[in-house]
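File shown here: model_17.txt, holding compact mmCIF, C-alpha atoms.
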# COMPACT_ATOMS: atom_id res chain seq x y z
CA MET A 689 -16.00 -0.67 43.15
CA ALA A 690 -12.73 -0.25 45.01
CA ILE A 691 -11.09 -3.16 46.86
CA THR A 692 -9.99 -1.72 50.16
CA SER A 693 -8.73 -4.84 51.91
CA ILE A 694 -8.33 -8.62 51.48
CA LYS A 695 -8.18 -10.80 54.55
CA THR A 696 -6.86 -14.33 54.83
CA GLY A 697 -9.67 -16.84 54.84
CA SER A 698 -10.85 -20.10 53.37
CA SER A 699 -11.41 -18.49 49.99
CA PHE A 700 -7.81 -17.33 49.75
CA THR A 701 -5.78 -20.47 50.32
CA ASN A 702 -3.23 -21.92 47.91
CA LEU A 703 -3.17 -18.78 45.83
CA LYS A 704 -0.37 -18.35 43.30
CA LYS A 705 1.75 -15.28 43.76
CA TYR A 706 2.65 -13.18 40.74
CA ASN A 707 5.30 -10.53 40.56
CA ASP A 708 3.40 -8.31 38.12
CA PHE A 709 -0.15 -7.23 37.42
CA LEU A 710 -0.39 -9.37 34.25
CA ALA A 711 -0.79 -12.39 36.59
CA GLY A 712 0.33 -14.82 33.92
CA ASN A 713 -1.71 -13.24 31.12
CA ALA A 714 -0.11 -12.17 27.85
CA PRO A 715 0.23 -8.39 27.59
CA PHE A 716 -2.27 -6.64 25.35
CA ILE A 717 -0.45 -4.72 22.64
CA PRO A 718 -2.83 -2.63 20.52
CA THR A 719 -2.45 -3.02 16.79
CA ASP A 720 -1.04 -0.19 14.70
CA PHE A 721 -3.52 -1.06 11.92
CA GLU A 722 -6.97 0.19 12.93
CA SER A 723 -10.39 0.33 11.35
CA ILE A 724 -11.61 3.93 10.93
CA ALA A 725 -14.91 3.38 9.13
CA THR A 726 -16.77 1.06 6.78
CA LEU A 727 -19.30 2.07 4.12
CA THR A 728 -21.78 -0.42 2.72
CA ALA A 729 -24.16 0.49 -0.10
CA ALA A 730 -27.83 -0.17 0.43
CA GLY A 731 -28.19 0.04 -3.35
CA GLY A 732 -28.71 3.00 -5.67
CA GLU A 733 -26.02 5.34 -4.31
CA ALA A 734 -24.00 7.36 -6.80
CA SER A 735 -21.17 7.80 -4.33
CA LEU A 736 -19.90 6.69 -0.95
CA THR A 737 -17.80 9.11 1.11
CA PHE A 738 -15.35 8.83 3.97
CA SER A 739 -15.34 12.29 5.53
CA SER A 740 -13.64 13.96 8.51
CA ILE A 741 -10.78 11.51 8.32
CA PRO A 742 -8.64 12.11 11.41
CA GLY A 743 -5.04 13.18 10.87
CA THR A 744 -3.76 10.96 13.67
CA TYR A 745 -2.36 8.13 11.52
CA LYS A 746 0.62 8.04 9.18
CA HIS A 747 -0.96 6.14 6.32
CA LEU A 748 -4.38 5.13 5.06
CA GLN A 749 -5.52 1.98 3.35
CA ILE A 750 -8.89 1.36 1.70
CA ARG A 751 -10.12 -2.14 0.94
CA GLY A 752 -13.36 -2.68 -0.89
CA ILE A 753 -15.58 -4.58 -3.28
CA GLY A 754 -17.96 -2.98 -5.78
CA ARG A 755 -20.56 -3.69 -8.44
CA LEU A 756 -22.60 -1.30 -10.62
CA ASN A 757 -26.27 -1.50 -11.55
CA GLY A 758 -26.36 0.59 -14.73
CA THR A 759 -26.41 -0.41 -18.33
CA SER A 760 -22.93 0.91 -19.11
CA GLU A 761 -20.04 -1.33 -18.18
CA GLY A 762 -18.04 1.66 -16.96
CA TYR A 763 -14.88 -0.04 -18.20
CA GLY A 764 -14.58 -1.79 -14.85
CA TYR A 765 -13.14 1.29 -13.16
CA SER A 766 -13.64 2.68 -9.70
CA TYR A 767 -13.56 6.49 -9.70
CA ILE A 768 -12.28 8.29 -6.62
CA HIS A 769 -12.02 11.90 -5.50
CA PHE A 770 -9.63 13.00 -2.77
CA ASN A 771 -11.05 16.10 -1.04
CA GLY A 772 -13.06 16.58 -4.22
CA GLY A 773 -10.12 17.53 -6.41
CA PRO A 774 -8.71 16.24 -9.70
CA GLN A 775 -5.70 14.00 -10.06
CA ALA A 776 -3.16 12.75 -12.53
CA THR A 777 -3.84 9.05 -12.83
CA HIS A 778 -2.15 6.06 -14.45
CA GLY A 779 -3.17 2.45 -14.88
CA LEU A 780 -1.32 -0.69 -15.89
CA PHE A 781 -3.80 -3.47 -16.33
CA VAL A 782 -5.12 -6.49 -18.19
CA HIS A 783 -8.64 -6.56 -19.59
CA GLY A 784 -9.13 -10.17 -20.48
CA THR A 785 -5.84 -10.90 -22.23
CA THR A 786 -5.01 -7.39 -23.42
CA VAL A 787 -2.32 -5.46 -21.53
CA THR A 788 -2.93 -1.73 -21.41
CA ILE A 789 -1.15 1.22 -19.88
CA ASP A 790 -2.82 4.58 -19.78
CA GLY A 791 -2.47 7.98 -18.21
CA THR A 792 -4.61 11.05 -17.93
CA THR A 793 -5.34 14.08 -15.81
CA SER A 794 -8.87 13.52 -14.68
CA ALA A 795 -11.52 14.58 -12.22
CA TYR A 796 -11.08 11.07 -10.82
CA TYR A 797 -8.45 8.62 -9.73
CA GLN A 798 -9.32 5.77 -12.07
CA ILE A 799 -8.79 2.25 -10.72
CA PRO A 800 -9.07 -0.44 -13.41
CA ASN A 801 -10.88 -3.77 -12.96
CA ALA A 802 -12.22 -2.69 -9.58
CA MET A 803 -15.97 -2.74 -10.33
CA ALA A 804 -18.09 -5.51 -11.72
CA PRO A 805 -20.54 -4.09 -14.29
CA SER A 806 -24.23 -4.91 -14.29
CA ASN A 807 -23.88 -7.52 -17.03
CA ALA A 808 -21.20 -9.45 -15.15
CA PRO A 809 -22.11 -12.86 -13.76
CA THR A 810 -24.47 -12.65 -10.80
CA GLY A 811 -22.80 -12.17 -7.47
CA THR A 812 -19.41 -11.07 -8.78
CA TYR A 813 -17.76 -7.94 -7.41
CA GLY A 814 -14.54 -6.14 -8.20
CA ALA A 815 -11.98 -5.73 -5.43
CA LEU A 816 -9.46 -3.01 -4.67
CA ILE A 817 -6.79 -2.09 -2.16
CA ILE A 818 -5.34 1.42 -2.24
CA ASP A 819 -2.62 2.93 -0.04
CA ILE A 820 -2.02 6.59 0.76
CA HIS A 821 1.32 7.22 2.44
CA ASP A 822 1.76 10.36 4.57
CA TYR A 823 -1.84 11.38 3.83
CA ALA A 824 -1.78 14.06 6.55
CA SER A 825 1.44 15.68 5.39
CA THR A 826 1.24 19.37 4.57
CA THR A 827 4.49 19.38 2.59
CA LYS A 828 3.93 16.50 0.17
CA LEU A 829 1.64 15.96 -2.76
CA LYS A 830 -0.12 12.65 -2.15
CA THR A 831 0.89 9.73 -4.34
CA VAL A 832 -1.62 6.89 -4.19
CA ARG A 833 -1.04 3.24 -5.11
CA GLY A 834 -3.79 0.84 -6.06
CA PHE A 835 -4.12 -2.89 -6.70
CA SER A 836 -7.38 -4.21 -8.09
CA GLY A 837 -9.05 -6.99 -9.95
CA TYR A 838 -12.17 -8.94 -10.70
CA ASN A 839 -12.93 -12.28 -12.25
CA THR A 840 -15.92 -13.54 -14.19
CA ASN A 841 -15.54 -17.22 -13.38
CA GLY A 842 -14.87 -18.09 -16.97
CA ALA A 843 -17.28 -15.71 -18.67
CA ALA A 844 -15.45 -13.84 -21.39
CA ALA A 845 -16.10 -10.98 -23.80
CA THR A 846 -16.76 -7.47 -22.64
CA TYR A 847 -16.95 -7.67 -18.87
CA TYR A 848 -13.68 -5.76 -18.32
CA HIS A 849 -12.41 -8.44 -16.00
CA GLY A 850 -8.74 -8.67 -15.19
CA VAL A 851 -6.17 -7.33 -12.78
CA GLY A 852 -4.56 -3.92 -12.51
CA LEU A 853 -2.04 -1.66 -10.87
CA SER A 854 -2.78 2.03 -10.66
CA SER A 855 -1.40 5.21 -9.23
CA ALA A 856 -2.53 8.79 -8.84
CA LEU A 857 -1.18 12.15 -7.81
CA ALA A 858 -3.82 14.10 -5.90
CA THR A 859 -3.05 17.38 -7.64
CA GLY A 860 -6.31 19.05 -6.67
CA LEU A 861 -5.53 18.47 -3.01
CA GLY A 862 -2.15 20.20 -3.27
CA THR A 863 -0.08 19.81 -0.10
CA SER A 864 -3.13 19.95 2.17
CA ALA A 865 -3.92 17.01 4.41
CA LEU A 866 -6.33 14.50 2.97
CA THR A 867 -9.57 14.54 4.94
CA SER A 868 -12.13 12.94 2.65
CA VAL A 869 -12.31 10.19 0.06
CA GLN A 870 -15.30 9.90 -2.22
CA ILE A 871 -15.77 6.67 -4.16
CA THR A 872 -18.15 7.30 -7.02
CA SER A 873 -20.00 5.10 -9.44
CA GLY A 874 -18.39 7.08 -12.24
CA PRO A 875 -19.37 9.34 -15.10
CA PHE A 876 -21.75 6.94 -16.85
CA GLY A 877 -24.76 7.27 -14.56
CA GLU A 878 -24.56 3.90 -12.84
CA LYS A 879 -25.21 3.35 -9.14
CA PHE A 880 -23.72 1.01 -6.58
CA VAL A 881 -25.58 -2.22 -5.99
CA ALA A 882 -26.35 -3.35 -2.44
CA GLY A 883 -23.41 -5.03 -0.79
CA SER A 884 -20.72 -2.87 -2.33
CA THR A 885 -18.51 -2.28 0.69
CA TYR A 886 -15.45 -0.13 1.38
CA ALA A 887 -13.41 -0.16 4.59
CA LEU A 888 -10.98 2.60 5.61
CA TYR A 889 -8.03 1.74 7.83
CA GLY A 890 -5.48 3.94 9.55
CA ILE A 891 -1.90 2.79 10.03
CA LYS A 892 0.08 4.34 12.86
CA GLY A 893 3.70 5.31 12.53
CA MET B 1287 -6.70 -8.89 8.66
CA PRO B 1288 -3.81 -9.54 10.99
CA ASN B 1289 -4.67 -8.84 14.59
CA THR B 1290 -1.14 -7.70 15.28
CA TYR B 1291 0.47 -5.13 13.05
CA GLN B 1292 3.14 -3.32 14.98
CA LEU B 1293 5.45 -0.47 14.15
CA ILE B 1294 9.03 -1.63 14.72
CA SER B 1295 10.86 1.51 13.67
CA SER B 1296 10.52 4.61 11.52
CA ASN B 1297 12.83 7.18 10.02
CA VAL B 1298 11.71 10.55 8.67
CA LEU B 1299 14.74 12.26 7.18
CA SER B 1300 15.71 15.72 8.36
CA SER B 1301 18.62 15.87 5.88
CA ASN B 1302 19.75 14.11 2.72
CA VAL B 1303 21.27 10.63 3.07
CA ALA B 1304 22.52 8.03 0.60
CA SER B 1305 20.95 5.06 2.37
CA VAL B 1306 18.64 4.12 5.22
CA THR B 1307 19.07 0.99 7.35
CA PHE B 1308 16.70 -0.73 9.74
CA SER B 1309 18.96 -2.84 11.95
CA SER B 1310 18.53 -5.22 14.90
CA ILE B 1311 15.12 -6.31 13.61
CA PRO B 1312 13.64 -8.62 16.24
CA ALA B 1313 12.78 -12.17 15.15
CA THR B 1314 9.51 -12.16 17.07
CA TYR B 1315 7.14 -11.48 14.18
CA THR B 1316 5.94 -13.68 11.34
CA ASP B 1317 6.29 -11.21 8.45
CA LEU B 1318 7.66 -7.74 7.82
CA VAL B 1319 6.11 -4.83 5.94
CA MET B 1320 8.05 -1.73 4.99
CA ARG B 1321 6.40 1.41 3.66
CA TRP B 1322 8.29 4.35 2.28
CA SER B 1323 7.74 7.73 0.63
CA VAL B 1324 10.85 8.97 -1.13
CA ARG B 1325 12.28 11.72 -3.28
CA ASP B 1326 15.85 11.49 -4.61
CA SER B 1327 18.43 14.20 -5.33
CA ASN B 1328 19.32 12.58 -8.66
CA VAL B 1329 18.87 15.29 -11.32
CA SER B 1330 16.28 13.29 -13.21
CA VAL B 1331 12.55 12.65 -13.22
CA ASN B 1332 13.16 9.06 -12.12
CA ALA B 1333 15.76 7.68 -9.68
CA ASN B 1334 16.55 4.01 -9.03
CA ASN B 1335 15.91 2.50 -5.60
CA PHE B 1336 17.39 -0.78 -4.26
CA ILE B 1337 17.43 -2.85 -1.06
CA TYR B 1338 19.65 -5.51 0.40
CA TYR B 1339 19.50 -7.50 3.64
CA ASN B 1340 21.99 -8.10 6.46
CA GLY B 1341 24.67 -6.03 4.74
CA ASN B 1342 24.85 -8.77 2.12
CA SER B 1343 25.44 -7.42 -1.38
CA SER B 1344 27.25 -10.37 -2.89
CA THR B 1345 26.29 -11.07 -6.48
CA THR B 1346 24.64 -14.44 -5.90
CA SER B 1347 22.45 -13.53 -2.96
CA TYR B 1348 19.33 -12.35 -4.76
CA SER B 1349 17.16 -13.30 -7.70
CA GLN B 1350 14.15 -11.38 -8.95
CA THR B 1351 11.49 -10.89 -11.59
CA TYR B 1352 9.93 -7.50 -12.05
CA PHE B 1353 7.26 -5.94 -14.19
CA ARG B 1354 6.75 -2.25 -14.73
CA GLY B 1355 5.08 0.31 -16.88
CA GLY B 1356 5.12 4.04 -17.52
CA ASN B 1357 2.58 5.65 -19.76
CA SER B 1358 4.86 6.97 -22.48
CA ASN B 1359 7.46 4.26 -21.86
CA GLY B 1360 5.41 1.12 -22.39
CA VAL B 1361 5.53 -2.09 -20.36
CA SER B 1362 8.53 -4.32 -19.70
CA SER B 1363 9.59 -7.24 -17.53
CA THR B 1364 12.99 -8.51 -16.39
CA ARG B 1365 14.22 -11.70 -14.73
CA ASN B 1366 17.65 -11.89 -13.06
CA THR B 1367 18.98 -15.00 -11.36
CA ASP B 1368 22.11 -13.62 -9.64
CA ASP B 1369 21.94 -10.11 -8.30
CA ASN B 1370 23.59 -8.23 -5.47
CA ASP B 1371 20.40 -6.46 -4.41
CA ILE B 1372 16.67 -6.16 -5.10
CA TYR B 1373 15.52 -3.47 -7.50
CA LEU B 1374 12.45 -1.67 -6.18
CA GLY B 1375 11.87 0.66 -9.13
CA TYR B 1376 11.87 4.39 -9.72
CA ASN B 1377 11.53 7.02 -7.05
CA ASN B 1378 10.79 10.63 -7.91
CA GLY B 1379 13.99 12.44 -8.89
CA SER B 1380 14.76 16.08 -8.22
CA THR B 1381 13.36 17.31 -11.54
CA SER B 1382 9.99 15.62 -11.11
CA THR B 1383 6.98 17.71 -10.10
CA SER B 1384 7.75 19.66 -6.92
CA ASN B 1385 6.75 18.00 -3.65
CA THR B 1386 6.11 14.62 -5.26
CA PHE B 1387 7.39 11.55 -3.44
CA SER B 1388 7.15 7.96 -4.65
CA SER B 1389 5.06 5.52 -2.62
CA GLY B 1390 6.28 2.00 -1.97
CA GLU B 1391 5.52 -1.11 0.02
CA LEU B 1392 7.67 -4.19 0.57
CA TYR B 1393 6.34 -7.45 2.07
CA ILE B 1394 8.71 -10.10 3.45
CA PRO B 1395 6.99 -13.25 4.71
CA ASN B 1396 8.89 -15.67 6.95
CA TYR B 1397 11.79 -13.23 7.33
CA ALA B 1398 13.21 -14.98 10.41
CA SER B 1399 13.66 -18.28 8.59
CA THR B 1400 17.20 -19.46 7.88
CA SER B 1401 16.22 -20.88 4.51
CA THR B 1402 15.35 -18.81 1.45
CA ARG B 1403 12.93 -15.93 1.88
CA PRO B 1404 10.69 -14.45 -0.79
CA MET B 1405 9.56 -10.85 -1.01
CA SER B 1406 7.17 -8.76 -3.04
CA SER B 1407 7.12 -5.02 -3.60
CA PHE B 1408 4.96 -2.43 -5.32
CA LEU B 1409 6.34 1.05 -5.98
CA ALA B 1410 4.60 3.92 -7.75
CA ASN B 1411 5.86 7.34 -8.63
CA GLU B 1412 3.66 10.02 -10.12
CA GLU B 1413 4.02 13.25 -12.00
CA ASN B 1414 1.54 16.00 -12.68
CA SER B 1415 1.52 14.74 -16.21
CA THR B 1416 -0.37 12.31 -18.40
CA SER B 1417 2.82 10.98 -19.95
CA SER B 1418 4.93 10.19 -16.91
CA GLY B 1419 4.52 8.05 -13.85
CA TRP B 1420 5.68 4.52 -13.17
CA MET B 1421 4.26 1.44 -11.50
CA HIS B 1422 6.73 -1.31 -10.62
CA ILE B 1423 6.11 -4.68 -8.99
CA ASN B 1424 8.81 -7.15 -8.04
CA ALA B 1425 8.93 -10.74 -6.84
CA GLY B 1426 12.35 -11.37 -5.31
CA LEU B 1427 14.19 -14.03 -3.37
CA TYR B 1428 16.93 -13.69 -0.77
CA ARG B 1429 19.20 -16.73 -0.93
CA GLY B 1430 21.36 -16.03 2.10
CA THR B 1431 21.27 -18.61 4.89
CA ASN B 1432 20.72 -16.28 7.81
CA ALA B 1433 17.55 -14.72 9.14
CA ILE B 1434 16.89 -11.16 8.03
CA THR B 1435 17.96 -8.82 10.81
CA SER B 1436 18.61 -5.66 8.82
CA ILE B 1437 17.25 -3.99 5.70
CA THR B 1438 19.12 -1.28 3.80
CA LEU B 1439 17.56 0.93 1.15
CA THR B 1440 19.94 2.72 -1.16
CA ALA B 1441 19.20 5.87 -3.11
CA SER B 1442 20.24 6.67 -6.63
CA VAL B 1443 22.16 9.64 -5.18
CA ASN B 1444 20.59 10.78 -1.91
CA PHE B 1445 17.17 10.41 -0.34
CA LEU B 1446 15.96 13.97 0.21
CA ALA B 1447 14.76 15.40 3.50
CA ASN B 1448 11.14 14.55 4.35
CA SER B 1449 11.51 11.13 2.79
CA SER B 1450 9.93 8.71 5.26
CA PHE B 1451 10.41 5.02 6.02
CA TYR B 1452 8.34 2.77 8.29
CA LEU B 1453 8.96 -0.86 9.22
CA TYR B 1454 6.15 -2.99 10.66
CA GLY B 1455 6.03 -6.49 12.07
CA ILE B 1456 3.04 -8.76 11.53
CA SER B 1457 2.33 -11.68 13.84
CA LYS B 1458 0.08 -14.61 13.15
CA SER B 1459 -2.89 -15.06 15.46

Can you turn what I pasted into C-alpha cells?
Amino acid sequence: MAITSIKTGSSFTNLKKYNDFLAGNAPFIPTDFESIATLTAAGGEASLTFSSIPGTYKHLQIRGIGRLNGTSEGYGYSYIHFNGGPQATHGLFVHGTTVTIDGTTSAYYQIPNAMAPSNAPTGTYGALIIDIHDYASTTKLKTVRGFSGYNTNGAAATYYHGVGLSSALATGLGTSALTSVQITSGPFGEKFVAGSTYALYGIKG
Amino acid sequence: MPNTYQLISSNVLSSNVASVTFSSIPATYTDLVMRWSVRDSNVSVNANNFIYYNGNSSTTSYSQTYFRGGNSNGVSSTRNTDDNDIYLGYNNGSTSTSNTFSSGELYIPNYASTSTRPMSSFLANEENSTSSGWMHINAGLYRGTNAITSITLTASVNFLANSSFYLYGISKS
C-alpha cells in the first residue's frame, strides 16, 4: 500500500522529527558469515552431501557433530570427498594419551577424532570445524584445515577419543571450483546415527 | 555463532610483495579474525610467516607457545617469552606442489583493549605428498600497551601474486 499523503490531525501531534529514514533505529548491517545449508541424519545414511554450492562466497566453513552405528570404531575419523575426488591428507592428533602424526594420499580427507563410534558412551558425538579458503578459485589447489575432537566423559580404552588438527589438499579437484562436499561414514560399512548434523557456512570477502 | 561478522578489508595480490599490512583498523568490533591463503617466493617447500602489530617489532613485545607437526618431520613445540613478532608457521614455498597455497586463520579477541591481548592461530600447508605438509597452532600474547590498529604479515621472501588476505571484525550481540 502506498502512502500518498499525511494530513495534520489529532493523531499526528507531538511527533518527533528525524533527519533520516532510520528514525532512531540502529542500521541493519547484514553479516558476512551466512548459513548455506544444514544436513541432519535421520539415521542409517552412508553419506551426507552438500551439493550445488554457490560460488558467491570467498570461503567455506563446515561445523558438525557425528556418531556411527556400526560395529567398527572407524578410528574416530570423518571421511570427506570434495567433488568426489581424492586428496592428500595429514593428521596431527591425540588418541587418548598417544600423539600421532600421519599422512597419506587417500580417497578421503580423513579428520581424526571427529566421529563417536557405536561403542562410545551413549549420547556422545564427535565435533569438527573445517575451513576452505578460496574454495571457488580456479587457479589454486584447495588446502583445507580441520579442527576436531570428541570426549568420552572419562571412559577410556579404545574409543578413539581425543583432539586433532588435520589438513588436506584436494588433488582430485585440481584447480576447479569446489561445488560439493560429501561427508561419508567411511570405508568400514558404518552408517550415521540420527542427530548427526553438519552445517555449511559461506563467508563473504 | 556471532550475529555480526563483517569484512573490514581484503587484499588479493596482483604482484609479489614482501609484506601486507591492514592499517587503520576501527576499534568498533569486539574481536578480529584474519584469514589468508599464501604462497611464498622462497626457493623451498616451506617458507616462514610472521605477524606484528602497530609497527611494533621490539624484542619484548610478544611471547608465544606453538605446536606443530609435519608427517616426516615429527612433532615439536616451542615457548618464547620475548619475541619481536608472532610466528605463524610455514607457508608453501616456490618449490612446493604447483598452485598450492597455505591456509591460515588468526583470532584476536579484545583487540581494542589497552592491556595485553592474546591471539591464537592455525596454519596448514599441504603438498601432493604423503610425507610433507605441516599443521601449526600458536597461542601468542601482545604485550604492547596500545590497542591494535594495524596488523602486518611478513613473508619469508615475497608473498606471490594470488595470495589473498581477509580481515573480519566480530561484534558481540

inquiry  = Could you check which residues have any atom within 12 Å of (7.9, 9.1, 3.9), counting all atoms listed in the file with coordinates taken straight from the file, and then list them as a ChimeraX atom specification?
reply    = /A:746-747,820-825,827-831,893 /B:1296-1300,1306,1320-1326,1377,1385-1391,1445-1453

Proximity of chain B to chain A: per-residue shortest pair, 6 Å limit, all atoms listed in the file, as CSV:
residue,atom,partner,partner_atom,distance
B:Thr1290,CA,A:Thr719,CA,5.1
B:Tyr1291,CA,A:Thr719,CA,5.2
B:Gln1292,CA,A:Asp720,CA,5.2
B:Asn1357,CA,A:Asp790,CA,5.5
B:Asn1385,CA,A:Lys828,CA,5.0
B:Thr1386,CA,A:Leu829,CA,5.3
B:Glu1412,CA,A:Leu857,CA,5.8
B:Asn1414,CA,A:Ala776,CA,5.7
B:Thr1416,CA,A:Thr792,CA,4.4

inquiry  = Quick one: residues within 7 Å of Leu1374 (chain B), all atoms listed in the file, excluding same-chain residues fewer than 3 positions away - as a list of chain:residue names?
reply    =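 Near neighbours after the sequence-gap exclusion: B:Asn1335, B:Phe1336, B:Ser1407, B:Leu1409, B:Asn1424.
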
Using all atoms listed in the file: which of A:Gly883, A:Pro809, A:Gly772, A:Gly837 has the shortest distance to Glu733 (chain A) = A:Gly883

ask   = So how far away is CA of Thr1381 (chain B) from CA of Ala1304 (chain B), in Å?
value =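 Going from CA of Ala1304 (chain B) over to CA of Thr1381 (chain B), I get 17.8 Å.
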
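Here CA of Thr1307 (chain B) and CA of Asn1332 (chain B) stand 21.9 Å from one another.
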
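Picture a line from CA of Ala734 (chain A) to CA of Leu748 (chain A); it runs 23.0 Å.
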
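The smallest atom-to-atom distance between Ala808 (chain A) and any of A:Pro742, A:Gly877, A:Gly758, A:Gly852, using all atoms listed in the file, is found for A:Gly758.
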
Please report, as lines of an AutoDock Vina configuration file, the centre and edge lengths in Å to one decimal of an axis-aligned box covering all listed atoms of region 744-758 of chain A with 8 Å per side.
center_x = -12.9
center_y = 3.2
center_z = -0.5
size_x = 43.0
size_y = 31.5
size_z = 44.4

key: For Thr885 (chain A): contacts at 8 Å, all atoms listed in the file, fewer than 4 positions along chain excluded, given as a PyMOL selection string   = chain A and resi 726-729+752-754

Restricting it to C-alpha atoms, dump the selection as an mmCIF file, keeping the file's coordinate frame.
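Once everything was written out, this is selection.cif:
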data_model
loop_
_atom_site.group_PDB
_atom_site.id
_atom_site.type_symbol
_atom_site.label_atom_id
_atom_site.label_comp_id
_atom_site.auth_asym_id
_atom_site.auth_seq_id
_atom_site.Cartn_x
_atom_site.Cartn_y
_atom_site.Cartn_z
ATOM 1 C CA THR A 726 -16.770 1.060 6.780
ATOM 2 C CA LEU A 727 -19.300 2.070 4.120
ATOM 3 C CA THR A 728 -21.780 -0.420 2.720
ATOM 4 C CA ALA A 729 -24.160 0.490 -0.100
ATOM 5 C CA GLY A 752 -13.360 -2.680 -0.890
ATOM 6 C CA ILE A 753 -15.580 -4.580 -3.280
ATOM 7 C CA GLY A 754 -17.960 -2.980 -5.780
#

remark   = Using all atoms listed in the file, the best pick from B:Leu1392, B:Val1303, B:Ile1337, B:Val1361 as closest to Val782 (chain A) would be B:Val1361

Residue among A:Thr692, A:Ser766, A:Ser735, A:Asn771 lying closest to Leu861 (chain A), counting only C-alpha atoms = A:Asn771

If you count all atoms listed in the file, which residues fall within 6 Å of Tyr1454 (chain B), apart from same-chain ones fewer than 6 positions away, as a compact mmCIF listing (two decimals) with C-alpha atoms, in the coordinates of the input?
# COMPACT_ATOMS: atom_id res chain seq x y z
CA GLN B 1292 3.14 -3.32 14.98
CA LEU B 1293 5.45 -0.47 14.15
CA ILE B 1294 9.03 -1.63 14.72
CA LEU B 1318 7.66 -7.74 7.82
CA VAL B 1319 6.11 -4.83 5.94

query = Please, which residues are within 12 Å of (-17.7, -20.4, -11.5) by the file's coordinates, counting only C-alpha atoms, and could they come as a ChimeraX atom specification?
reply = /A:809-812,839-843

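Of the listed residues (B:Ser1310, B:Asn1370, B:Thr1440, B:Thr1316), B:Thr1316 comes nearest to Tyr1393 (chain B); the distances count only C-alpha atoms.
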
Working from the structure I just supplied, which lacks atoms in region 793-810 of chain A, can you model N, CA and C atoms there and output them as a CSV table (one decimal), keeping the file's coordinate frame?
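Output saved as rebuild31.csv:
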chain,number,residue,atom,x,y,z
A,793,THR,N,-5.0,13.2,-16.9
A,793,THR,CA,-5.3,14.1,-15.8
A,793,THR,C,-6.9,14.2,-15.8
A,794,SER,N,-7.4,13.8,-14.7
A,794,SER,CA,-8.9,13.5,-14.7
A,794,SER,C,-9.5,14.1,-13.4
A,795,ALA,N,-10.8,14.2,-13.4
A,795,ALA,CA,-11.5,14.6,-12.2
A,795,ALA,C,-11.4,13.5,-11.2
A,796,TYR,N,-11.1,12.3,-11.7
A,796,TYR,CA,-11.1,11.1,-10.8
A,796,TYR,C,-9.7,10.4,-10.8
A,797,TYR,N,-9.5,9.7,-9.7
A,797,TYR,CA,-8.4,8.6,-9.7
A,797,TYR,C,-9.1,7.4,-10.3
A,798,GLN,N,-8.7,6.9,-11.4
A,798,GLN,CA,-9.3,5.8,-12.1
A,798,GLN,C,-8.6,4.5,-11.8
A,799,ILE,N,-9.4,3.5,-11.2
A,799,ILE,CA,-8.8,2.2,-10.7
A,799,ILE,C,-9.4,1.1,-11.6
A,800,PRO,N,-8.6,0.5,-12.5
A,800,PRO,CA,-9.1,-0.4,-13.4
A,800,PRO,C,-9.5,-1.7,-12.7
A,801,ASN,N,-10.5,-2.4,-13.4
A,801,ASN,CA,-10.9,-3.8,-13.0
A,801,ASN,C,-11.4,-3.8,-11.5
A,802,ALA,N,-11.8,-2.7,-11.0
A,802,ALA,CA,-12.2,-2.7,-9.6
A,802,ALA,C,-13.7,-2.7,-9.4
A,803,MET,N,-14.5,-2.7,-10.5
A,803,MET,CA,-16.0,-2.7,-10.3
A,803,MET,C,-16.5,-3.8,-11.3
A,804,ALA,N,-17.4,-4.6,-10.8
A,804,ALA,CA,-18.1,-5.5,-11.7
A,804,ALA,C,-19.3,-4.8,-12.3
A,805,PRO,N,-19.4,-4.8,-13.7
A,805,PRO,CA,-20.5,-4.1,-14.3
A,805,PRO,C,-21.8,-4.9,-14.1
A,806,SER,N,-22.9,-4.3,-14.5
A,806,SER,CA,-24.2,-4.9,-14.3
A,806,SER,C,-24.4,-6.2,-15.1
A,807,ASN,N,-23.7,-6.3,-16.2
A,807,ASN,CA,-23.9,-7.5,-17.0
A,807,ASN,C,-22.9,-8.6,-16.7
A,808,ALA,N,-22.1,-8.4,-15.6
A,808,ALA,CA,-21.2,-9.4,-15.2
A,808,ALA,C,-22.0,-10.6,-14.5
A,809,PRO,N,-21.4,-11.7,-14.4
A,809,PRO,CA,-22.1,-12.9,-13.8
A,809,PRO,C,-22.7,-12.5,-12.4
A,810,THR,N,-23.8,-13.0,-12.1
A,810,THR,CA,-24.5,-12.6,-10.8
A,810,THR,C,-23.6,-12.9,-9.6
